[in-house]
>>> print(open('upload.pdb').read())   # PDB, C-alpha atoms
ATOM      1  CA  MET W   1     153.495-116.589  80.884
ATOM      2  CA  ASP W   2     153.760-120.093  79.438
ATOM      3  CA  ASN W   3     156.136-121.193  76.681
ATOM      4  CA  GLU W   4     153.499-121.101  73.974
ATOM      5  CA  SER W   5     152.612-117.464  74.690
ATOM      6  CA  LEU W   6     156.305-116.571  74.856
ATOM      7  CA  TYR W   7     156.791-118.149  71.430
ATOM      8  CA  ILE W   8     153.833-116.218  69.984
ATOM      9  CA  TYR W   9     154.941-112.903  71.497
ATOM     10  CA  GLY W  10     158.456-113.643  70.246
ATOM     11  CA  ALA W  11     157.031-114.173  66.751
ATOM     12  CA  THR W  12     155.062-110.925  67.101
ATOM     13  CA  LEU W  13     158.268-109.091  67.998
ATOM     14  CA  MET W  14     159.992-110.578  64.921
ATOM     15  CA  MET W  15     157.072-109.414  62.767
ATOM     16  CA  VAL W  16     157.289-105.925  64.244
ATOM     17  CA  ILE W  17     161.035-105.724  63.539
ATOM     18  CA  GLY W  18     160.526-107.048  59.989
ATOM     19  CA  THR W  19     157.644-104.787  59.002
ATOM     20  CA  PHE W  20     158.865-101.717  60.914
ATOM     21  CA  SER W  21     162.319-101.711  59.328
ATOM     22  CA  CYS W  22     160.904-102.091  55.808
ATOM     23  CA  ARG W  23     158.339 -99.350  56.305
ATOM     24  CA  GLU W  24     160.615 -96.852  58.072
ATOM     25  CA  LEU W  25     164.046 -97.243  56.450
ATOM     26  CA  PRO W  26     163.090 -95.338  53.276
ATOM     27  CA  LEU W  27     161.881 -92.410  55.412
ATOM     28  CA  LEU W  28     164.830 -92.375  57.779
ATOM     29  CA  LEU W  29     167.684 -93.165  55.377
ATOM     30  CA  LEU W  30     166.659 -92.467  51.792
ATOM     31  CA  ARG W  31     164.767 -89.249  52.563
ATOM     32  CA  GLY W  32     163.304 -88.979  49.077
ATOM     33  CA  ARG W  33     166.089 -90.578  47.083
ATOM     34  CA  LYS W  34     164.957 -93.276  44.689
ATOM     35  CA  LEU W  35     165.539 -96.967  45.273
ATOM     36  CA  PRO W  36     168.033 -98.467  42.794
ATOM     37  CA  ASP W  37     166.617-100.110  39.633
ATOM     38  CA  TRP W  38     167.876-103.575  40.529
ATOM     39  CA  PHE W  39     165.952-103.375  43.810
ATOM     40  CA  ASN W  40     162.671-102.875  41.975
ATOM     41  CA  ILE W  41     163.426-105.790  39.654
ATOM     42  CA  TRP W  42     164.357-107.976  42.637
ATOM     43  CA  LEU W  43     161.146-106.933  44.402
ATOM     44  CA  LYS W  44     159.119-108.236  41.480
ATOM     45  CA  TYR W  45     160.376-111.799  41.994
ATOM     46  CA  ILE W  46     160.149-112.061  45.790
ATOM     47  CA  PRO W  47     156.379-112.602  46.251
ATOM     48  CA  THR W  48     156.067-115.302  43.589
ATOM     49  CA  ALA W  49     159.143-117.128  44.885
ATOM     50  CA  ILE W  50     158.079-116.883  48.531
ATOM     51  CA  PHE W  51     154.561-118.214  47.947
ATOM     52  CA  GLY W  52     155.866-121.039  45.776
ATOM     53  CA  ALA W  53     158.351-121.840  48.543
ATOM     54  CA  LEU W  54     155.562-121.843  51.134
ATOM     55  CA  ILE W  55     153.006-123.882  49.189
ATOM     56  CA  PHE W  56     155.164-126.688  47.769
ATOM     57  CA  PRO W  57     156.480-128.195  51.021
ATOM     58  CA  ASP W  58     152.963-127.946  52.499
ATOM     59  CA  ILE W  59     151.389-130.020  49.749
ATOM     60  CA  PHE W  60     154.188-132.387  48.686
ATOM     61  CA  LEU W  61     155.593-133.335  52.092
ATOM     62  CA  LYS W  62     154.041-135.370  54.883
ATOM     63  CA  ASP W  63     156.280-136.101  57.892
ATOM     64  CA  ASN W  64     159.318-134.812  55.991
ATOM     65  CA  ALA W  65     158.915-137.205  53.060
ATOM     66  CA  LEU W  66     157.467-136.765  49.589
ATOM     67  CA  ASN W  67     153.930-138.104  49.543
ATOM     68  CA  PHE W  68     152.073-138.754  46.287
ATOM     69  CA  SER W  69     149.402-141.032  47.775
ATOM     70  CA  LEU W  70     145.708-140.387  47.230
ATOM     71  CA  GLN W  71     145.441-139.734  50.984
ATOM     72  CA  ASN W  72     147.470-136.547  50.497
ATOM     73  CA  TYR W  73     144.231-134.631  49.822
ATOM     74  CA  GLY W  74     145.897-131.204  49.822
ATOM     75  CA  LEU W  75     148.188-132.110  46.931
ATOM     76  CA  TRP W  76     145.386-133.293  44.627
ATOM     77  CA  ALA W  77     143.068-130.476  45.676
ATOM     78  CA  THR W  78     145.776-127.932  44.801
ATOM     79  CA  ILE W  79     146.541-129.568  41.440
ATOM     80  CA  CYS W  80     142.825-129.494  40.530
ATOM     81  CA  ALA W  81     142.235-125.961  41.824
ATOM     82  CA  PHE W  82     145.368-124.388  40.332
ATOM     83  CA  PRO W  83     144.177-123.960  36.700
ATOM     84  CA  ILE W  84     141.011-122.188  37.907
ATOM     85  CA  VAL W  85     142.913-120.011  40.384
ATOM     86  CA  TYR W  86     145.579-119.158  37.797
ATOM     87  CA  LYS W  87     142.937-118.139  35.257
ATOM     88  CA  THR W  88     140.883-115.988  37.636
ATOM     89  CA  GLN W  89     143.756-114.727  39.869
ATOM     90  CA  SER W  90     141.202-114.333  42.619
ATOM     91  CA  LEU W  91     141.631-114.978  46.338
ATOM     92  CA  PRO W  92     137.960-115.837  47.030
ATOM     93  CA  VAL W  93     137.941-118.264  44.083
ATOM     94  CA  ALA W  94     141.093-119.898  45.454
ATOM     95  CA  LEU W  95     139.503-120.338  48.876
ATOM     96  CA  VAL W  96     136.277-121.827  47.498
ATOM     97  CA  ALA W  97     137.912-124.032  44.826
ATOM     98  CA  GLY W  98     140.605-125.272  47.226
ATOM     99  CA  THR W  99     138.103-126.104  49.977
ATOM    100  CA  VAL W 100     135.638-127.807  47.611
ATOM    101  CA  PHE W 101     138.322-129.986  45.980
ATOM    102  CA  PHE W 102     139.813-130.825  49.379
ATOM    103  CA  CYS W 103     136.415-131.994  50.651
ATOM    104  CA  ILE W 104     135.797-133.987  47.466
ATOM    105  CA  PHE W 105     139.089-135.864  47.884
ATOM    106  CA  LYS W 106     138.661-136.354  51.614
ATOM    107  CA  TYR W 107     134.993-137.262  51.869
ATOM    108  CA  VAL W 108     133.895-138.459  48.412
ATOM    109  CA  ILE W 109     136.781-140.251  46.708
TER     110      ILE W 109
ATOM    111  CA  MET L 110     144.630 -87.632  62.161
ATOM    112  CA  HIS L 111     141.468 -86.403  60.492
ATOM    113  CA  PHE L 112     138.693 -88.964  60.234
ATOM    114  CA  ASN L 113     135.780 -87.812  58.048
ATOM    115  CA  LYS L 114     133.105 -89.025  55.647
ATOM    116  CA  LYS L 115     135.438 -88.898  52.654
ATOM    117  CA  VAL L 116     137.904 -91.176  54.437
ATOM    118  CA  ILE L 117     135.137 -93.679  55.207
ATOM    119  CA  GLN L 118     133.909 -93.617  51.598
ATOM    120  CA  ARG L 119     137.369 -94.265  50.190
ATOM    121  CA  ALA L 120     138.273 -96.860  52.806
ATOM    122  CA  MET L 121     135.002 -98.811  52.619
ATOM    123  CA  PRO L 122     136.272-101.465  50.157
ATOM    124  CA  ILE L 123     139.320-101.926  52.411
ATOM    125  CA  TYR L 124     137.122-102.301  55.533
ATOM    126  CA  ILE L 125     135.055-104.999  53.840
ATOM    127  CA  GLY L 126     138.105-106.872  52.552
ATOM    128  CA  TYR L 127     139.928-106.691  55.903
ATOM    129  CA  LEU L 128     136.814-107.783  57.791
ATOM    130  CA  PHE L 129     136.645-111.100  55.913
ATOM    131  CA  LEU L 130     140.400-111.617  55.692
ATOM    132  CA  GLY L 131     140.737-110.740  59.382
ATOM    133  CA  LEU L 132     138.068-113.269  60.390
ATOM    134  CA  ALA L 133     139.889-115.927  58.339
ATOM    135  CA  CYS L 134     143.237-114.931  59.821
ATOM    136  CA  GLY L 135     141.812-115.141  63.360
ATOM    137  CA  ILE L 136     140.349-118.597  62.717
ATOM    138  CA  LEU L 137     143.643-119.860  61.280
ATOM    139  CA  GLY L 138     145.597-118.203  64.093
ATOM    140  CA  GLN L 139     143.543-120.069  66.675
ATOM    141  CA  GLN L 140     144.748-123.309  65.066
ATOM    142  CA  ALA L 141     148.293-122.141  65.757
ATOM    143  CA  HIS L 142     147.227-121.657  69.426
ATOM    144  CA  ILE L 143     147.159-117.868  69.228
ATOM    145  CA  ALA L 144     144.833-116.343  71.843
ATOM    146  CA  PRO L 145     142.353-113.641  70.701
ATOM    147  CA  ILE L 146     144.209-110.885  72.546
ATOM    148  CA  GLU L 147     147.525-112.045  71.043
ATOM    149  CA  ALA L 148     145.945-111.990  67.569
ATOM    150  CA  PHE L 149     144.715-108.445  68.267
ATOM    151  CA  ILE L 150     148.116-107.203  69.464
ATOM    152  CA  MET L 151     149.927-108.846  66.547
ATOM    153  CA  SER L 152     147.469-107.276  64.080
ATOM    154  CA  ILE L 153     147.891-103.769  65.516
ATOM    155  CA  LEU L 154     151.681-103.923  65.777
ATOM    156  CA  ALA L 155     152.582-105.829  62.604
ATOM    157  CA  TYR L 156     149.535-104.865  60.494
ATOM    158  CA  SER L 157     150.533-107.072  57.603
ATOM    159  CA  GLY L 158     148.026-109.419  55.938
ATOM    160  CA  SER L 159     150.214-111.847  54.049
ATOM    161  CA  GLY L 160     152.946-111.459  56.697
ATOM    162  CA  GLN L 161     150.552-112.655  59.401
ATOM    163  CA  PHE L 162     149.235-115.574  57.353
ATOM    164  CA  ILE L 163     152.818-116.663  56.726
ATOM    165  CA  CYS L 164     153.682-116.233  60.405
ATOM    166  CA  ILE L 165     150.743-118.478  61.362
ATOM    167  CA  ALA L 166     151.899-121.170  58.915
ATOM    168  CA  MET L 167     155.392-120.978  60.420
ATOM    169  CA  LEU L 168     154.068-121.091  63.991
ATOM    170  CA  MET L 169     152.115-124.260  63.092
ATOM    171  CA  ASP L 170     155.397-125.641  61.774
ATOM    172  CA  ASN L 171     157.252-124.704  64.993
ATOM    173  CA  ALA L 172     159.716-122.621  62.974
ATOM    174  CA  SER L 173     162.541-120.797  64.753
ATOM    175  CA  LEU L 174     162.041-117.116  65.584
ATOM    176  CA  PHE L 175     165.009-116.274  63.376
ATOM    177  CA  SER L 176     163.441-117.849  60.308
ATOM    178  CA  ILE L 177     160.126-116.105  61.113
ATOM    179  CA  LEU L 178     162.047-112.808  61.230
ATOM    180  CA  VAL L 179     163.904-113.308  57.955
ATOM    181  CA  THR L 180     160.860-114.609  56.064
ATOM    182  CA  ASN L 181     158.770-111.737  57.338
ATOM    183  CA  PHE L 182     161.463-109.232  56.391
ATOM    184  CA  MET L 183     161.575-110.608  52.848
ATOM    185  CA  VAL L 184     157.819-110.480  52.402
ATOM    186  CA  SER L 185     157.781-106.931  53.841
ATOM    187  CA  LEU L 186     160.446-105.592  51.460
ATOM    188  CA  ARG L 187     157.689-104.336  49.167
ATOM    189  CA  TYR L 188     156.797-101.791  51.878
ATOM    190  CA  MET L 189     160.151-100.119  51.155
ATOM    191  CA  PHE L 190     158.881 -99.398  47.692
ATOM    192  CA  PHE L 191     155.557 -98.090  49.050
ATOM    193  CA  SER L 192     157.226 -95.864  51.672
ATOM    194  CA  THR L 193     159.565 -94.439  49.054
ATOM    195  CA  ALA L 194     156.638 -93.613  46.769
ATOM    196  CA  MET L 195     154.708 -92.042  49.660
ATOM    197  CA  TYR L 196     157.638 -89.908  50.853
ATOM    198  CA  PRO L 197     156.985 -86.811  48.677
ATOM    199  CA  HIS L 198     153.474 -86.526  50.120
ATOM    200  CA  ILE L 199     154.468 -86.640  53.779
ATOM    201  CA  LYS L 200     157.914 -85.040  53.719
ATOM    202  CA  ASP L 201     156.693 -81.864  55.468
ATOM    203  CA  CYS L 202     155.248 -83.779  58.431
ATOM    204  CA  SER L 203     157.116 -84.150  61.726
ATOM    205  CA  LEU L 204     159.317 -87.214  62.120
ATOM    206  CA  PRO L 205     157.057 -89.018  64.656
ATOM    207  CA  TYR L 206     154.048 -88.352  62.397
ATOM    208  CA  SER L 207     155.846 -89.749  59.332
ATOM    209  CA  ILE L 208     156.881 -92.814  61.315
ATOM    210  CA  ILE L 209     153.294 -93.506  62.380
ATOM    211  CA  PHE L 210     152.089 -92.803  58.846
ATOM    212  CA  ALA L 211     154.568 -95.277  57.355
ATOM    213  CA  GLN L 212     153.618 -97.909  59.927
ATOM    214  CA  ASN L 213     150.052 -97.809  58.550
ATOM    215  CA  ILE L 214     151.047 -98.443  54.942
ATOM    216  CA  THR L 215     149.727-101.717  53.529
ATOM    217  CA  ASP L 216     149.194-102.805  49.906
ATOM    218  CA  GLU L 217     145.608-101.530  49.996
ATOM    219  CA  THR L 218     145.970 -98.330  52.055
ATOM    220  CA  PHE L 219     148.984 -97.404  49.913
ATOM    221  CA  ALA L 220     147.040 -97.804  46.673
ATOM    222  CA  VAL L 221     144.043 -95.750  47.850
ATOM    223  CA  ASN L 222     146.199 -93.079  49.511
ATOM    224  CA  LEU L 223     148.448 -92.601  46.492
ATOM    225  CA  ASP L 224     145.431 -92.320  44.223
ATOM    226  CA  SER L 225     143.840 -89.767  46.599
ATOM    227  CA  PHE L 226     147.018 -87.662  46.875
ATOM    228  CA  ASN L 227     147.347 -87.610  43.085
ATOM    229  CA  LYS L 228     143.734 -86.848  42.198
ATOM    230  CA  ASP L 229     142.292 -84.879  45.134
ATOM    231  CA  LYS L 230     143.972 -81.561  45.960
ATOM    232  CA  ASP L 231     142.183 -81.416  49.335
ATOM    233  CA  TRP L 232     143.646 -84.744  50.408
ATOM    234  CA  ASP L 233     146.255 -84.282  53.163
ATOM    235  CA  PRO L 234     148.426 -86.460  55.438
ATOM    236  CA  GLN L 235     145.838 -86.036  58.231
ATOM    237  CA  GLN L 236     143.174 -87.809  56.202
ATOM    238  CA  GLY L 237     145.850 -90.137  54.818
ATOM    239  CA  LEU L 238     146.703 -91.396  58.292
ATOM    240  CA  ALA L 239     143.004 -91.893  59.098
ATOM    241  CA  LEU L 240     142.704 -93.932  55.912
ATOM    242  CA  GLY L 241     145.712 -95.992  56.923
ATOM    243  CA  PHE L 242     144.837 -96.528  60.562
ATOM    244  CA  SER L 243     141.065 -97.117  60.522
ATOM    245  CA  PRO L 244     141.356-100.336  58.438
ATOM    246  CA  CYS L 245     143.948-101.498  60.992
ATOM    247  CA  LEU L 246     141.265-101.375  63.692
ATOM    248  CA  VAL L 247     138.891-103.369  61.461
ATOM    249  CA  TRP L 248     141.656-105.882  60.711
ATOM    250  CA  ALA L 249     142.646-106.316  64.360
ATOM    251  CA  SER L 250     139.031-106.558  65.612
ATOM    252  CA  ALA L 251     138.160-109.106  62.918
ATOM    253  CA  ASN L 252     141.233-111.113  63.946
ATOM    254  CA  PHE L 253     140.074-111.013  67.571
ATOM    255  CA  ILE L 254     136.527-112.101  66.654
ATOM    256  CA  GLY L 255     137.710-114.851  64.279
ATOM    257  CA  CYS L 256     140.068-116.202  66.900
ATOM    258  CA  THR L 257     137.353-116.175  69.588
ATOM    259  CA  ALA L 258     134.805-117.791  67.252
ATOM    260  CA  ALA L 259     137.214-120.546  66.188
ATOM    261  CA  ALA L 260     137.796-121.575  69.804
ATOM    262  CA  TRP L 261     134.001-122.082  70.056
ATOM    263  CA  LEU L 262     133.418-123.699  66.677
ATOM    264  CA  ASN L 263     136.439-125.979  66.856
ATOM    265  CA  PRO L 264     136.732-126.526  63.069
ATOM    266  CA  PRO L 265     138.567-129.635  61.789
ATOM    267  CA  THR L 266     142.307-128.877  61.907
ATOM    268  CA  GLU L 267     143.191-130.721  58.717
ATOM    269  CA  LEU L 268     140.713-128.695  56.672
ATOM    270  CA  VAL L 269     141.701-125.391  58.275
ATOM    271  CA  SER L 270     145.403-126.060  57.599
ATOM    272  CA  TYR L 271     144.538-126.682  53.986
ATOM    273  CA  ILE L 272     142.492-123.471  53.785
ATOM    274  CA  LEU L 273     145.710-121.652  54.693
ATOM    275  CA  VAL L 274     147.400-123.305  51.688
ATOM    276  CA  ALA L 275     144.440-122.319  49.470
ATOM    277  CA  MET L 276     144.844-118.782  50.800
ATOM    278  CA  PHE L 277     148.534-118.766  49.796
ATOM    279  CA  LEU L 278     147.526-120.136  46.393
ATOM    280  CA  GLY L 279     145.123-117.214  45.937
ATOM    281  CA  ILE L 280     147.666-114.605  47.037
ATOM    282  CA  TRP L 281     150.325-116.248  44.849
ATOM    283  CA  SER L 282     148.105-116.162  41.749
ATOM    284  CA  GLY L 283     147.775-112.386  42.137
ATOM    285  CA  TYR L 284     151.509-112.073  41.431
ATOM    286  CA  LEU L 285     151.604-114.368  38.397
ATOM    287  CA  HIS L 286     151.406-111.700  35.715
ATOM    288  CA  ASP L 287     153.520-113.575  33.160
ATOM    289  CA  THR L 288     155.125-116.956  32.484
ATOM    290  CA  VAL L 289     158.517-115.874  33.832
ATOM    291  CA  LEU L 290     156.948-115.087  37.218
ATOM    292  CA  LEU L 291     155.125-118.438  37.173
ATOM    293  CA  ILE L 292     158.380-120.284  36.452
ATOM    294  CA  ALA L 293     160.155-118.358  39.231
ATOM    295  CA  GLY L 294     157.388-119.383  41.638
ATOM    296  CA  LEU L 295     157.497-123.050  40.603
ATOM    297  CA  LEU L 296     161.295-123.095  40.917
ATOM    298  CA  GLY L 297     161.013-121.461  44.355
ATOM    299  CA  GLY L 298     158.620-124.247  45.341
ATOM    300  CA  ILE L 299     160.781-127.098  44.056
ATOM    301  CA  LEU L 300     163.924-125.649  45.612
ATOM    302  CA  SER L 301     162.107-125.142  48.909
ATOM    303  CA  VAL L 302     161.077-128.823  49.001
ATOM    304  CA  LEU L 303     164.641-129.954  48.198
ATOM    305  CA  LEU L 304     166.202-127.612  50.755
ATOM    306  CA  SER L 305     163.762-128.742  53.454
ATOM    307  CA  PHE L 306     165.563-132.094  53.524
ATOM    308  CA  VAL L 307     168.929-130.531  54.335
ATOM    309  CA  VAL L 308     168.391-127.129  55.968
ATOM    310  CA  PRO L 309     167.475-126.842  59.672
ATOM    311  CA  PHE L 310     165.120-124.403  61.483
ATOM    312  CA  LYS L 311     162.636-124.151  58.572
ATOM    313  CA  LEU L 312     165.043-121.823  56.780
ATOM    314  CA  HIS L 313     164.298-123.558  53.443
ATOM    315  CA  ILE L 314     161.474-121.105  52.689
ATOM    316  CA  VAL L 315     163.572-117.984  52.949
ATOM    317  CA  LEU L 316     166.649-119.577  51.341
ATOM    318  CA  ALA L 317     164.667-120.811  48.325
ATOM    319  CA  THR L 318     163.081-117.367  47.957
ATOM    320  CA  LEU L 319     166.398-115.606  48.197
ATOM    321  CA  ILE L 320     168.193-117.874  45.710
ATOM    322  CA  VAL L 321     165.430-117.842  43.081
ATOM    323  CA  SER L 322     164.670-114.110  43.327
ATOM    324  CA  VAL L 323     168.349-113.083  43.204
ATOM    325  CA  ILE L 324     169.079-115.286  40.181
ATOM    326  CA  ALA L 325     165.924-114.091  38.385
ATOM    327  CA  CYS L 326     166.844-110.463  39.104
ATOM    328  CA  TRP L 327     170.427-111.004  37.936
ATOM    329  CA  LEU L 328     169.237-112.621  34.692
ATOM    330  CA  GLU L 329     166.787-109.806  34.015
ATOM    331  CA  VAL L 330     169.344-107.062  34.704
ATOM    332  CA  LYS L 331     171.838-108.827  32.408
ATOM    333  CA  HIS L 332     169.206-109.277  29.731
ATOM    334  CA  THR L 333     168.115-105.620  29.869
ATOM    335  CA  LYS L 334     171.731-104.460  29.615
ATOM    336  CA  LYS L 335     172.326-106.676  26.590
ATOM    337  CA  GLU L 336     169.236-105.251  24.898
ATOM    338  CA  ALA L 337     170.327-101.702  25.657
ATOM    339  CA  ASP L 338     173.776-102.375  24.190
ATOM    340  CA  SER L 339     172.533-103.885  20.951
TER     341      SER L 339
END
>>> encode(input="upload.pdb", output="C-alpha cells")
Amino acid sequence: MDNESLYIYGATLMMVIGTFSCRELPLLLLRGRKLPDWFNIWLKYIPTAIFGALIFPDIFLKDNALNFSLQNYGLWATICAFPIVYKTQSLPVALVAGTVFFCIFKYVI
Amino acid sequence: MHFNKKVIQRAMPIYIGYLFLGLACGILGQQAHIAPIEAFIMSILAYSGSGQFICIAMLMDNASLFSILVTNFMVSLRYMFFSTAMYPHIKDCSLPYSIIFAQNITDETFAVNLDSFNKDKDWDPQQGLALGFSPCLVWASANFIGCTAAAWLNPPTELVSYILVAMFLGIWSGYLHDTVLLIAGLLGGILSVLLSFVVPFKLHIVLATLIVSVIACWLEVKHTKKEADS
C-alpha cells in the first residue's frame, strides 16, 4: 500500500473513531440519563463555528497569506453568493450561486 | 432488520438527497486522491455527510491525522444528542443491536425515525434499523460512482475545490437561525484565519471552533442564570 492510501485509510480510521464514540457513548455510558443543559447549549454553537472556521481560511488565504486580489475568485464569489444563501438557507442554492459567481469572476471579469 | 414498503416510502426523500450528495462527495473525494473503493469503505464505516466533506477538505490540505480526528469528533458531537434522544426507543434491544442501530444514526435518519416512533405505533427498531442502514448503501454507492466518474471526467481542480467551499457555505447557512449564531460563525472564521498563521498541523480549525463555541456557551449560560435570578 502506498503512502497516499495509508493516509486515506488513516483518515478513515480517525473518522470511525470520531463518529463511533459520539454515536455509542450515550448508549454505553448514559443509558437513558439526560445530557446536561450546558452540553445542549454548547452543541448549538459548534456547527456554526466549525463551518465559519473552515470557510474563512479557504477563501481569504492563498499560500498562507491574506489575498484580497481580484484573482482570488473564491473570495468574491462567496461574498456575492452569501446574501442569497443566507436568505434561502438552502444547500442547492449555495452550490448553484457559488459556482455561477465563481465562473463569472474567473471567466468573465 | 426489517426492510419493507413503509421503510422505502419514508426513506425515499433521504435516498434522493444522499444520491446527489454522495455523487458530489465522490467527485470531491477524487480530487483529494481518494480511490472509489476507499470512498465506499469510508462512507460505510463513517457514514457522516458533513464529516466526510470536512475530511476531504482536510485531506486536500494535507492535515495531520490528529487534527482530522479532533475536527471530526467535534462535528460528530451532535450525534450524542441524537443517540440520547433515540435511547428510549431501542433500550429493550440487545447491546450489539443497539450499537449497530446507533451507528446508522445521521441527521436525516434520526429525524425520520424519531417522527416514525412518535407517530406510528407499529414502528419498531427492526424497521428503524432498515431506515437507518438502507440510505447508507445509497450514500456509499453514490460516493463510489461519483469518485469513478470524476476520474473519467477530470473536472478542473480549482472549480471543484471551490464547490466544496460553496457546499460548506450551504451547510453553514442551515445553522444560522439567528444573529447570535451568525456572529459566532463569523468570529470562528476570523479566529481560524488568525490562528492559521501561528498554529501547526491545521489545528486552527478545531481550536477556533472550540474557543468560540465554549465562550458563546459560557455567555449564554451566564445570561440565562442572570435572567432566572432577576
>>> interface_residues(input="upload.pdb", of="chain W", to="chain L", cutoff="7 Å", atoms="all atoms listed in the file", output="PyMOL selection string")
chain W and resi 8+10-12+14-16+18-20+22-24+26-27+32+38+41-43+45-57+74+85-86+89-91+94-95+98-99
>>> resolve_selection(input="upload.pdb", expression="the PyMOL selection byres ((chain W and resi 76) around 12)", output="PDB file with C-alpha atoms, in the coordinates of the input")
ATOM      1  CA  ILE W  59     151.389-130.020  49.749  1.00  0.00           C
ATOM      2  CA  PHE W  60     154.188-132.387  48.686  1.00  0.00           C
ATOM      3  CA  ASN W  67     153.930-138.104  49.543  1.00  0.00           C
ATOM      4  CA  PHE W  68     152.073-138.754  46.287  1.00  0.00           C
ATOM      5  CA  SER W  69     149.402-141.032  47.775  1.00  0.00           C
ATOM      6  CA  LEU W  70     145.708-140.387  47.230  1.00  0.00           C
ATOM      7  CA  GLN W  71     145.441-139.734  50.984  1.00  0.00           C
ATOM      8  CA  ASN W  72     147.470-136.547  50.497  1.00  0.00           C
ATOM      9  CA  TYR W  73     144.231-134.631  49.822  1.00  0.00           C
ATOM     10  CA  GLY W  74     145.897-131.204  49.822  1.00  0.00           C
ATOM     11  CA  LEU W  75     148.188-132.110  46.931  1.00  0.00           C
ATOM     12  CA  ALA W  77     143.068-130.476  45.676  1.00  0.00           C
ATOM     13  CA  THR W  78     145.776-127.932  44.801  1.00  0.00           C
ATOM     14  CA  ILE W  79     146.541-129.568  41.440  1.00  0.00           C
ATOM     15  CA  CYS W  80     142.825-129.494  40.530  1.00  0.00           C
ATOM     16  CA  ALA W  81     142.235-125.961  41.824  1.00  0.00           C
ATOM     17  CA  PHE W  82     145.368-124.388  40.332  1.00  0.00           C
ATOM     18  CA  ALA W  97     137.912-124.032  44.826  1.00  0.00           C
ATOM     19  CA  GLY W  98     140.605-125.272  47.226  1.00  0.00           C
ATOM     20  CA  THR W  99     138.103-126.104  49.977  1.00  0.00           C
ATOM     21  CA  VAL W 100     135.638-127.807  47.611  1.00  0.00           C
ATOM     22  CA  PHE W 101     138.322-129.986  45.980  1.00  0.00           C
ATOM     23  CA  PHE W 102     139.813-130.825  49.379  1.00  0.00           C
ATOM     24  CA  CYS W 103     136.415-131.994  50.651  1.00  0.00           C
ATOM     25  CA  ILE W 104     135.797-133.987  47.466  1.00  0.00           C
ATOM     26  CA  PHE W 105     139.089-135.864  47.884  1.00  0.00           C
ATOM     27  CA  LYS W 106     138.661-136.354  51.614  1.00  0.00           C
ATOM     28  CA  ILE W 109     136.781-140.251  46.708  1.00  0.00           C
TER      29      ILE W 109
ATOM     30  CA  TYR L 271     144.538-126.682  53.986  1.00  0.00           C
TER      31      TYR L 271
END
>>> closest_residue(input="upload.pdb", among="L:Leu240, L:Ala258, L:His332, L:Leu312", to="His111 (chain L)", atoms="all atoms listed in the file")
L:Leu240
>>> atom_distance(input="upload.pdb", atom1="CA of Leu61 (chain W)", atom2="CA of Leu13 (chain W)")
29.1 Å
>>> atom_distance(input="upload.pdb", atom1="CA of Asn252 (chain L)", atom2="CA of Leu132 (chain L)")
5.2 Å
>>> atom_distance(input="upload.pdb", atom1="CA of Ser243 (chain L)", atom2="CA of Leu35 (chain W)")
28.8 Å
>>> closest_residue(input="upload.pdb", among="L:Ser250, L:Pro234, L:Lys335, L:Met169", to="Asp201 (chain L)", atoms="all atoms listed in the file")
L:Pro234
>>> residues_around(input="upload.pdb", residues="Ala259 (chain L)", least_positions_apart="3", cutoff="9 Å", atoms="all atoms listed in the file", output="list of chain:residue names")
L:Gly135, L:Ile136, L:Leu137, L:Gly138, L:Gln139, L:Gln140, L:Ile254, L:Gly255, L:Cys256, L:Leu262, L:Asn263, L:Pro264
>>> build_atoms(input="upload.pdb", residues="region 159-170 of chain L", atoms="N, CA and C atoms", output="tab-separated table (two decimals), in the frame of the given file")
chain	number	residue	atom	x	y	z
L	159	SER	N	149.52	-110.63	54.45
L	159	SER	CA	150.21	-111.85	54.05
L	159	SER	C	151.30	-112.21	55.06
L	160	GLY	N	151.93	-111.20	55.68
L	160	GLY	CA	152.95	-111.46	56.70
L	160	GLY	C	152.38	-112.28	57.84
L	161	GLN	N	151.16	-111.94	58.28
L	161	GLN	CA	150.55	-112.66	59.40
L	161	GLN	C	150.12	-114.06	59.02
L	162	PHE	N	149.59	-114.22	57.80
L	162	PHE	CA	149.24	-115.57	57.35
L	162	PHE	C	150.48	-116.46	57.31
L	163	ILE	N	151.57	-115.89	56.80
L	163	ILE	CA	152.82	-116.66	56.73
L	163	ILE	C	153.32	-117.00	58.13
L	164	CYS	N	153.23	-116.02	59.03
L	164	CYS	CA	153.68	-116.23	60.40
L	164	CYS	C	152.89	-117.38	61.05
L	165	ILE	N	151.58	-117.41	60.80
L	165	ILE	CA	150.74	-118.48	61.36
L	165	ILE	C	151.19	-119.84	60.83
L	166	ALA	N	151.44	-119.90	59.50
L	166	ALA	CA	151.90	-121.17	58.92
L	166	ALA	C	153.21	-121.61	59.56
L	167	MET	N	154.10	-120.63	59.84
L	167	MET	CA	155.39	-120.98	60.42
L	167	MET	C	155.25	-121.36	61.89
L	168	LEU	N	154.32	-120.72	62.60
L	168	LEU	CA	154.07	-121.09	63.99
L	168	LEU	C	153.54	-122.53	64.07
L	169	MET	N	152.65	-122.89	63.12
L	169	MET	CA	152.12	-124.26	63.09
L	169	MET	C	153.23	-125.26	62.85
L	170	ASP	N	154.26	-124.79	62.14
L	170	ASP	CA	155.40	-125.64	61.77
L	170	ASP	C	156.48	-125.64	62.85
